>>> print(open('data-v2.pdb').read())   # PDB, C-alpha atoms, pLDDT in the B column
ATOM      1  CA  MET A  20     105.277  73.366-107.014  1.00 68.00           C
ATOM      2  CA  HIS A  21     108.030  71.034-108.052  1.00 88.00           C
ATOM      3  CA  GLY A  22     107.543  68.085-110.383  1.00 92.00           C
ATOM      4  CA  LEU A  23     109.271  64.983-111.632  1.00 95.00           C
ATOM      5  CA  ILE A  24     109.238  63.669-115.179  1.00 95.00           C
ATOM      6  CA  ILE A  25     109.119  59.878-115.252  1.00 97.00           C
ATOM      7  CA  VAL A  26     110.651  58.712-118.536  1.00 97.00           C
ATOM      8  CA  VAL A  27     109.538  55.153-119.276  1.00 97.00           C
ATOM      9  CA  ASN A  28     112.033  53.256-121.424  1.00 97.00           C
ATOM     10  CA  TYR A  29     112.157  49.869-123.093  1.00 98.00           C
ATOM     11  CA  ASN A  30     114.643  49.226-125.912  1.00 98.00           C
ATOM     12  CA  GLN A  31     114.593  52.749-127.360  1.00 97.00           C
ATOM     13  CA  GLU A  32     118.295  53.050-128.182  1.00 96.00           C
ATOM     14  CA  PRO A  33     117.765  54.927-131.482  1.00 95.00           C
ATOM     15  CA  GLU A  34     115.420  57.526-129.938  1.00 95.00           C
ATOM     16  CA  ILE A  35     116.251  58.022-126.267  1.00 96.00           C
ATOM     17  CA  GLY A  36     119.376  60.146-126.617  1.00 94.00           C
ATOM     18  CA  GLY A  37     117.791  62.860-128.719  1.00 93.00           C
ATOM     19  CA  PHE A  38     114.589  62.791-126.688  1.00 93.00           C
ATOM     20  CA  LEU A  39     116.448  63.304-123.405  1.00 94.00           C
ATOM     21  CA  VAL A  40     118.553  66.141-124.807  1.00 93.00           C
ATOM     22  CA  ARG A  41     115.407  67.925-126.107  1.00 91.00           C
ATOM     23  CA  ARG A  42     113.534  67.234-122.857  1.00 90.00           C
ATOM     24  CA  ARG A  43     116.239  68.899-120.784  1.00 91.00           C
ATOM     25  CA  ALA A  44     116.590  71.876-123.128  1.00 92.00           C
ATOM     26  CA  GLU A  45     112.839  72.469-123.337  1.00 89.00           C
ATOM     27  CA  ASN A  46     112.051  71.877-119.645  1.00 86.00           C
ATOM     28  CA  PRO A  47     114.921  73.285-117.579  1.00 85.00           C
ATOM     29  CA  GLY A  48     114.449  73.019-113.850  1.00 84.00           C
ATOM     30  CA  LEU A  49     112.249  69.922-113.921  1.00 90.00           C
ATOM     31  CA  ASP A  50     113.779  66.814-112.408  1.00 95.00           C
ATOM     32  CA  ALA A  51     113.600  63.592-114.399  1.00 96.00           C
ATOM     33  CA  VAL A  52     114.251  59.920-113.833  1.00 97.00           C
ATOM     34  CA  THR A  53     114.410  57.169-116.435  1.00 98.00           C
ATOM     35  CA  ILE A  54     112.700  53.901-115.549  1.00 98.00           C
ATOM     36  CA  ASP A  55     114.214  51.167-117.679  1.00 98.00           C
ATOM     37  CA  ASP A  56     111.906  48.182-118.010  1.00 98.00           C
ATOM     38  CA  GLY A  57     114.470  45.463-118.681  1.00 98.00           C
ATOM     39  CA  SER A  58     115.923  46.756-121.940  1.00 98.00           C
ATOM     40  CA  SER A  59     118.343  44.518-123.807  1.00 98.00           C
ATOM     41  CA  ASP A  60     119.871  47.409-125.754  1.00 98.00           C
ATOM     42  CA  ARG A  61     122.108  50.313-124.684  1.00 98.00           C
ATOM     43  CA  SER A  62     119.294  52.797-124.003  1.00 97.00           C
ATOM     44  CA  PRO A  63     119.765  52.840-120.199  1.00 98.00           C
ATOM     45  CA  GLU A  64     123.469  53.597-120.619  1.00 98.00           C
ATOM     46  CA  LEU A  65     122.658  56.413-123.045  1.00 97.00           C
ATOM     47  CA  ALA A  66     120.377  57.960-120.411  1.00 97.00           C
ATOM     48  CA  GLU A  67     123.094  57.669-117.760  1.00 97.00           C
ATOM     49  CA  ARG A  68     125.626  59.309-120.114  1.00 96.00           C
ATOM     50  CA  ARG A  69     123.290  62.292-120.272  1.00 95.00           C
ATOM     51  CA  ASP A  70     123.242  62.470-116.456  1.00 95.00           C
ATOM     52  CA  TYR A  71     119.750  61.033-116.033  1.00 96.00           C
ATOM     53  CA  PRO A  72     119.285  58.752-113.047  1.00 97.00           C
ATOM     54  CA  VAL A  73     118.124  55.325-114.220  1.00 98.00           C
ATOM     55  CA  LEU A  74     116.094  52.880-112.161  1.00 98.00           C
ATOM     56  CA  ARG A  75     116.209  49.436-113.754  1.00 98.00           C
ATOM     57  CA  HIS A  76     113.833  46.515-113.782  1.00 98.00           C
ATOM     58  CA  PRO A  77     115.762  43.249-114.237  1.00 96.00           C
ATOM     59  CA  HIS A  78     113.293  42.142-116.938  1.00 97.00           C
ATOM     60  CA  ASP A  79     110.318  43.511-118.876  1.00 97.00           C
ATOM     61  CA  ARG A  80     107.488  44.016-116.361  1.00 97.00           C
ATOM     62  CA  GLY A  81     105.365  46.285-118.540  1.00 96.00           C
ATOM     63  CA  VAL A  82     104.706  49.995-118.791  1.00 95.00           C
ATOM     64  CA  GLY A  83     102.362  50.007-115.777  1.00 96.00           C
ATOM     65  CA  ALA A  84     105.056  48.578-113.521  1.00 97.00           C
ATOM     66  CA  ALA A  85     107.540  51.140-114.839  1.00 98.00           C
ATOM     67  CA  ILE A  86     105.131  53.976-114.076  1.00 97.00           C
ATOM     68  CA  ARG A  87     104.525  52.617-110.560  1.00 97.00           C
ATOM     69  CA  THR A  88     108.293  52.421-109.974  1.00 98.00           C
ATOM     70  CA  GLY A  89     108.600  56.077-111.001  1.00 98.00           C
ATOM     71  CA  ILE A  90     105.719  57.161-108.769  1.00 97.00           C
ATOM     72  CA  ARG A  91     107.178  55.281-105.796  1.00 97.00           C
ATOM     73  CA  HIS A  92     110.506  56.978-106.467  1.00 98.00           C
ATOM     74  CA  ALA A  93     108.806  60.387-106.449  1.00 97.00           C
ATOM     75  CA  GLN A  94     106.942  59.602-103.224  1.00 97.00           C
ATOM     76  CA  ALA A  95     110.106  58.368-101.509  1.00 97.00           C
ATOM     77  CA  ALA A  96     111.924  61.585-102.443  1.00 97.00           C
ATOM     78  CA  GLY A  97     109.220  63.540-100.601  1.00 95.00           C
ATOM     79  CA  LYS A  98     109.732  66.731-102.585  1.00 95.00           C
ATOM     80  CA  TYR A  99     107.496  66.409-105.637  1.00 94.00           C
ATOM     81  CA  GLN A 100     103.958  67.736-105.834  1.00 90.00           C
ATOM     82  CA  TYR A 101     103.268  66.203-109.262  1.00 92.00           C
ATOM     83  CA  VAL A 102     104.657  63.717-111.762  1.00 93.00           C
ATOM     84  CA  VAL A 103     104.565  63.664-115.550  1.00 92.00           C
ATOM     85  CA  VAL A 104     104.903  60.365-117.399  1.00 94.00           C
ATOM     86  CA  MET A 105     106.564  60.379-120.813  1.00 93.00           C
ATOM     87  CA  ALA A 106     107.840  57.636-123.116  1.00 92.00           C
ATOM     88  CA  SER A 107     111.479  57.646-124.231  1.00 92.00           C
ATOM     89  CA  ASN A 108     110.587  57.060-127.885  1.00 87.00           C
ATOM     90  CA  GLY A 109     110.319  60.788-128.604  1.00 81.00           C
ATOM     91  CA  LYS A 110     106.682  60.738-129.757  1.00 79.00           C
ATOM     92  CA  MET A 111     105.622  62.883-126.821  1.00 79.00           C
ATOM     93  CA  GLN A 112     106.828  66.430-127.251  1.00 80.00           C
ATOM     94  CA  ALA A 113     108.501  68.077-124.276  1.00 80.00           C
ATOM     95  CA  THR A 114     107.222  71.397-125.636  1.00 82.00           C
ATOM     96  CA  ASP A 115     103.698  70.247-124.686  1.00 81.00           C
ATOM     97  CA  LEU A 116     104.549  69.987-120.988  1.00 84.00           C
ATOM     98  CA  PRO A 117     103.569  73.562-120.070  1.00 85.00           C
ATOM     99  CA  ARG A 118     100.038  72.929-121.429  1.00 83.00           C
ATOM    100  CA  VAL A 119      99.820  69.624-119.574  1.00 84.00           C
ATOM    101  CA  ILE A 120     101.122  70.787-116.210  1.00 87.00           C
ATOM    102  CA  GLY A 121      99.553  74.263-116.352  1.00 88.00           C
ATOM    103  CA  PRO A 122      96.204  73.162-114.851  1.00 88.00           C
ATOM    104  CA  ILE A 123      98.110  71.335-112.090  1.00 87.00           C
ATOM    105  CA  LEU A 124     100.255  74.369-111.276  1.00 89.00           C
ATOM    106  CA  ASP A 125      97.313  76.760-111.131  1.00 89.00           C
ATOM    107  CA  ARG A 126      95.339  74.181-109.121  1.00 88.00           C
ATOM    108  CA  THR A 127      92.415  73.998-111.509  1.00 87.00           C
ATOM    109  CA  ALA A 128      93.030  70.267-111.995  1.00 86.00           C
ATOM    110  CA  ASP A 129      94.534  67.376-110.133  1.00 85.00           C
ATOM    111  CA  TYR A 130      94.882  65.120-113.184  1.00 85.00           C
ATOM    112  CA  VAL A 131      95.677  65.953-116.801  1.00 86.00           C
ATOM    113  CA  GLN A 132      96.028  63.432-119.616  1.00 81.00           C
ATOM    114  CA  GLY A 133      97.462  64.108-123.044  1.00 74.00           C
ATOM    115  CA  ASN A 134      96.873  62.307-126.317  1.00 72.00           C
ATOM    116  CA  ARG A 135      99.112  62.873-129.324  1.00 67.00           C
ATOM    117  CA  PHE A 136      96.473  61.460-131.705  1.00 69.00           C
ATOM    118  CA  LEU A 137      93.886  64.224-131.237  1.00 67.00           C
ATOM    119  CA  GLN A 138      92.545  65.987-134.277  1.00 67.00           C
ATOM    120  CA  GLY A 139      94.321  69.217-135.120  1.00 64.00           C
ATOM    121  CA  GLY A 140      97.436  68.305-133.148  1.00 56.00           C
ATOM    122  CA  ARG A 141      95.950  69.143-129.767  1.00 55.00           C
ATOM    123  CA  SER A 142      97.590  67.272-126.915  1.00 54.00           C
ATOM    124  CA  VAL A 143      95.605  67.883-123.738  1.00 54.00           C
ATOM    125  CA  THR A 144      92.514  65.688-123.643  1.00 50.00           C
ATOM    126  CA  LEU A 145      91.350  65.426-120.080  1.00 54.00           C
ATOM    127  CA  VAL A 146      91.521  67.821-117.195  1.00 58.00           C
ATOM    128  CA  ARG A 147      89.913  66.629-113.984  1.00 59.00           C
ATOM    129  CA  ARG A 148      89.453  68.303-110.663  1.00 64.00           C
ATOM    130  CA  SER A 149      88.451  66.085-107.774  1.00 63.00           C
ATOM    131  CA  TRP A 150      86.115  67.256-105.067  1.00 48.00           C
ATOM    132  CA  THR A 151      88.821  66.787-102.435  1.00 49.00           C
ATOM    133  CA  TYR A 152      92.199  68.213-103.283  1.00 44.00           C
ATOM    134  CA  ARG A 153      95.063  66.743-101.288  1.00 48.00           C
ATOM    135  CA  SER A 154      98.440  68.360-101.546  1.00 46.00           C
ATOM    136  CA  SER A 155     101.589  66.393-100.819  1.00 47.00           C
ATOM    137  CA  SER A 156     103.207  69.424 -99.214  1.00 43.00           C
TER     138      SER A 156
END
>>> encode(input="data-v2.pdb", output="C-alpha cells")
Amino acid sequence: MHGLIIVVNYNQEPEIGGFLVRRRAENPGLDAVTIDDGSSDRSPELAERRDYPVLRHPHDRGVGAAIRTGIRHAQAAGKYQYVVVMASNGKMQATDLPRVIGPILDRTADYVQGNRFLQGGRSVTLVRRSWTYRSSS
C-alpha cells in the first residue's frame, strides 16, 4: 500500500523547514505534499526549496479546506491507498507515523486518529474498522 502525507501549512516559517527535513529522513519512501492555506510568510517557499510540491490557497480558507485539497490531490493522483494529515508546525512527530499507519497497512483499521496530548505520551487514540472495507486499488 502506498500513502501520501498531507502537510497542512499556514504561516509556519520558523518551524516548517526543520519539520520537513525530519519528516523525509524519518519516513523515506512516503510521498508528501504541502497544502499552503494562504500564508503571508515564506513557509511555502521553504517547502519548495526542500523539493516538496506545494498546493496553494490564495487566502486562508481554514484547516478543513486545506485537508480537503490534499485529499482531492491524492484521489486525482489515483495511486494512494491512504493519506496521513500532519501540521507543518512540528508538533506532530514523524516518528509516530509507523504506529498510526500500521493498522491501515495490516488492514485491521480503515481510520486511525492520533492525539499528541494523551497521557503518557501515547499518540494513537482511535482505531476504527468499518463493516464494509473499500479499497481504492
>>> closest_atom_pairs(input="data-v2.pdb", of="region 47-126 of chain A", to="region 26-29 of chain A", cutoff="12 Å", atoms="all atoms listed in the file", output="JSON lines")
{"residue": "A:Asp50", "atom": "CA", "partner": "A:Val26", "partner_atom": "CA", "distance": 10.6}
{"residue": "A:Ala51", "atom": "CA", "partner": "A:Val26", "partner_atom": "CA", "distance": 7.0}
{"residue": "A:Val52", "atom": "CA", "partner": "A:Val26", "partner_atom": "CA", "distance": 6.0}
{"residue": "A:Thr53", "atom": "CA", "partner": "A:Val26", "partner_atom": "CA", "distance": 4.6}
{"residue": "A:Ile54", "atom": "CA", "partner": "A:Val27", "partner_atom": "CA", "distance": 5.0}
{"residue": "A:Asp55", "atom": "CA", "partner": "A:Asn28", "partner_atom": "CA", "distance": 4.8}
{"residue": "A:Asp56", "atom": "CA", "partner": "A:Tyr29", "partner_atom": "CA", "distance": 5.4}
{"residue": "A:Gly57", "atom": "CA", "partner": "A:Tyr29", "partner_atom": "CA", "distance": 6.7}
{"residue": "A:Ser58", "atom": "CA", "partner": "A:Tyr29", "partner_atom": "CA", "distance": 5.0}
{"residue": "A:Ser59", "atom": "CA", "partner": "A:Tyr29", "partner_atom": "CA", "distance": 8.2}
{"residue": "A:Asp60", "atom": "CA", "partner": "A:Tyr29", "partner_atom": "CA", "distance": 8.5}
{"residue": "A:Arg61", "atom": "CA", "partner": "A:Tyr29", "partner_atom": "CA", "distance": 10.1}
{"residue": "A:Ser62", "atom": "CA", "partner": "A:Asn28", "partner_atom": "CA", "distance": 7.7}
{"residue": "A:Pro63", "atom": "CA", "partner": "A:Asn28", "partner_atom": "CA", "distance": 7.8}
{"residue": "A:Glu64", "atom": "CA", "partner": "A:Asn28", "partner_atom": "CA", "distance": 11.5}
{"residue": "A:Leu65", "atom": "CA", "partner": "A:Asn28", "partner_atom": "CA", "distance": 11.2}
{"residue": "A:Ala66", "atom": "CA", "partner": "A:Asn28", "partner_atom": "CA", "distance": 9.6}
{"residue": "A:Tyr71", "atom": "CA", "partner": "A:Val26", "partner_atom": "CA", "distance": 9.7}
{"residue": "A:Pro72", "atom": "CA", "partner": "A:Val26", "partner_atom": "CA", "distance": 10.2}
{"residue": "A:Val73", "atom": "CA", "partner": "A:Val26", "partner_atom": "CA", "distance": 9.3}
{"residue": "A:Leu74", "atom": "CA", "partner": "A:Val27", "partner_atom": "CA", "distance": 9.9}
{"residue": "A:Arg75", "atom": "CA", "partner": "A:Asn28", "partner_atom": "CA", "distance": 9.5}
{"residue": "A:His76", "atom": "CA", "partner": "A:Tyr29", "partner_atom": "CA", "distance": 10.0}
{"residue": "A:Pro77", "atom": "CA", "partner": "A:Tyr29", "partner_atom": "CA", "distance": 11.6}
{"residue": "A:His78", "atom": "CA", "partner": "A:Tyr29", "partner_atom": "CA", "distance": 9.9}
{"residue": "A:Asp79", "atom": "CA", "partner": "A:Tyr29", "partner_atom": "CA", "distance": 7.8}
{"residue": "A:Arg80", "atom": "CA", "partner": "A:Tyr29", "partner_atom": "CA", "distance": 10.1}
{"residue": "A:Gly81", "atom": "CA", "partner": "A:Tyr29", "partner_atom": "CA", "distance": 8.9}
{"residue": "A:Val82", "atom": "CA", "partner": "A:Val27", "partner_atom": "CA", "distance": 7.1}
{"residue": "A:Gly83", "atom": "CA", "partner": "A:Val27", "partner_atom": "CA", "distance": 9.5}
{"residue": "A:Ala84", "atom": "CA", "partner": "A:Val27", "partner_atom": "CA", "distance": 9.8}
{"residue": "A:Ala85", "atom": "CA", "partner": "A:Val27", "partner_atom": "CA", "distance": 6.3}
{"residue": "A:Ile86", "atom": "CA", "partner": "A:Val27", "partner_atom": "CA", "distance": 6.9}
{"residue": "A:Arg87", "atom": "CA", "partner": "A:Val27", "partner_atom": "CA", "distance": 10.4}
{"residue": "A:Thr88", "atom": "CA", "partner": "A:Val27", "partner_atom": "CA", "distance": 9.8}
{"residue": "A:Gly89", "atom": "CA", "partner": "A:Val26", "partner_atom": "CA", "distance": 8.2}
{"residue": "A:Ile90", "atom": "CA", "partner": "A:Val26", "partner_atom": "CA", "distance": 11.1}
{"residue": "A:Val102", "atom": "CA", "partner": "A:Val26", "partner_atom": "CA", "distance": 10.3}
{"residue": "A:Val103", "atom": "CA", "partner": "A:Val26", "partner_atom": "CA", "distance": 8.4}
{"residue": "A:Val104", "atom": "CA", "partner": "A:Val26", "partner_atom": "CA", "distance": 6.1}
{"residue": "A:Met105", "atom": "CA", "partner": "A:Val26", "partner_atom": "CA", "distance": 5.0}
{"residue": "A:Ala106", "atom": "CA", "partner": "A:Val27", "partner_atom": "CA", "distance": 4.9}
{"residue": "A:Ser107", "atom": "CA", "partner": "A:Asn28", "partner_atom": "CA", "distance": 5.2}
{"residue": "A:Asn108", "atom": "CA", "partner": "A:Asn28", "partner_atom": "CA", "distance": 7.6}
{"residue": "A:Gly109", "atom": "CA", "partner": "A:Val26", "partner_atom": "CA", "distance": 10.3}
{"residue": "A:Met111", "atom": "CA", "partner": "A:Val26", "partner_atom": "CA", "distance": 10.6}
{"residue": "A:Ala113", "atom": "CA", "partner": "A:Val26", "partner_atom": "CA", "distance": 11.2}
>>> atom_distance(input="data-v2.pdb", atom1="CA of Ile120 (chain A)", atom2="CA of Gly48 (chain A)")
13.7 Å
>>> atom_distance(input="data-v2.pdb", atom1="CA of Lys110 (chain A)", atom2="CA of Ile24 (chain A)")
15.1 Å
>>> closest_residue(input="data-v2.pdb", among="A:Arg68, A:Ile25, A:Ala95, A:Gly133", to="Asp115 (chain A)", atoms="all atoms listed in the file")
A:Gly133
>>> atom_distance(input="data-v2.pdb", atom1="CA of Leu23 (chain A)", atom2="CA of Lys98 (chain A)")
9.2 Å
>>> closest_residue(input="data-v2.pdb", among="A:Gly22, A:Pro33, A:Pro117, A:Pro47", to="Gln94 (chain A)", atoms="only C-alpha atoms")
A:Gly22
>>> closest_residue(input="data-v2.pdb", among="A:Val119, A:Val131, A:Val40, A:Ala96", to="Glu67 (chain A)", atoms="all atoms listed in the file")
A:Val40
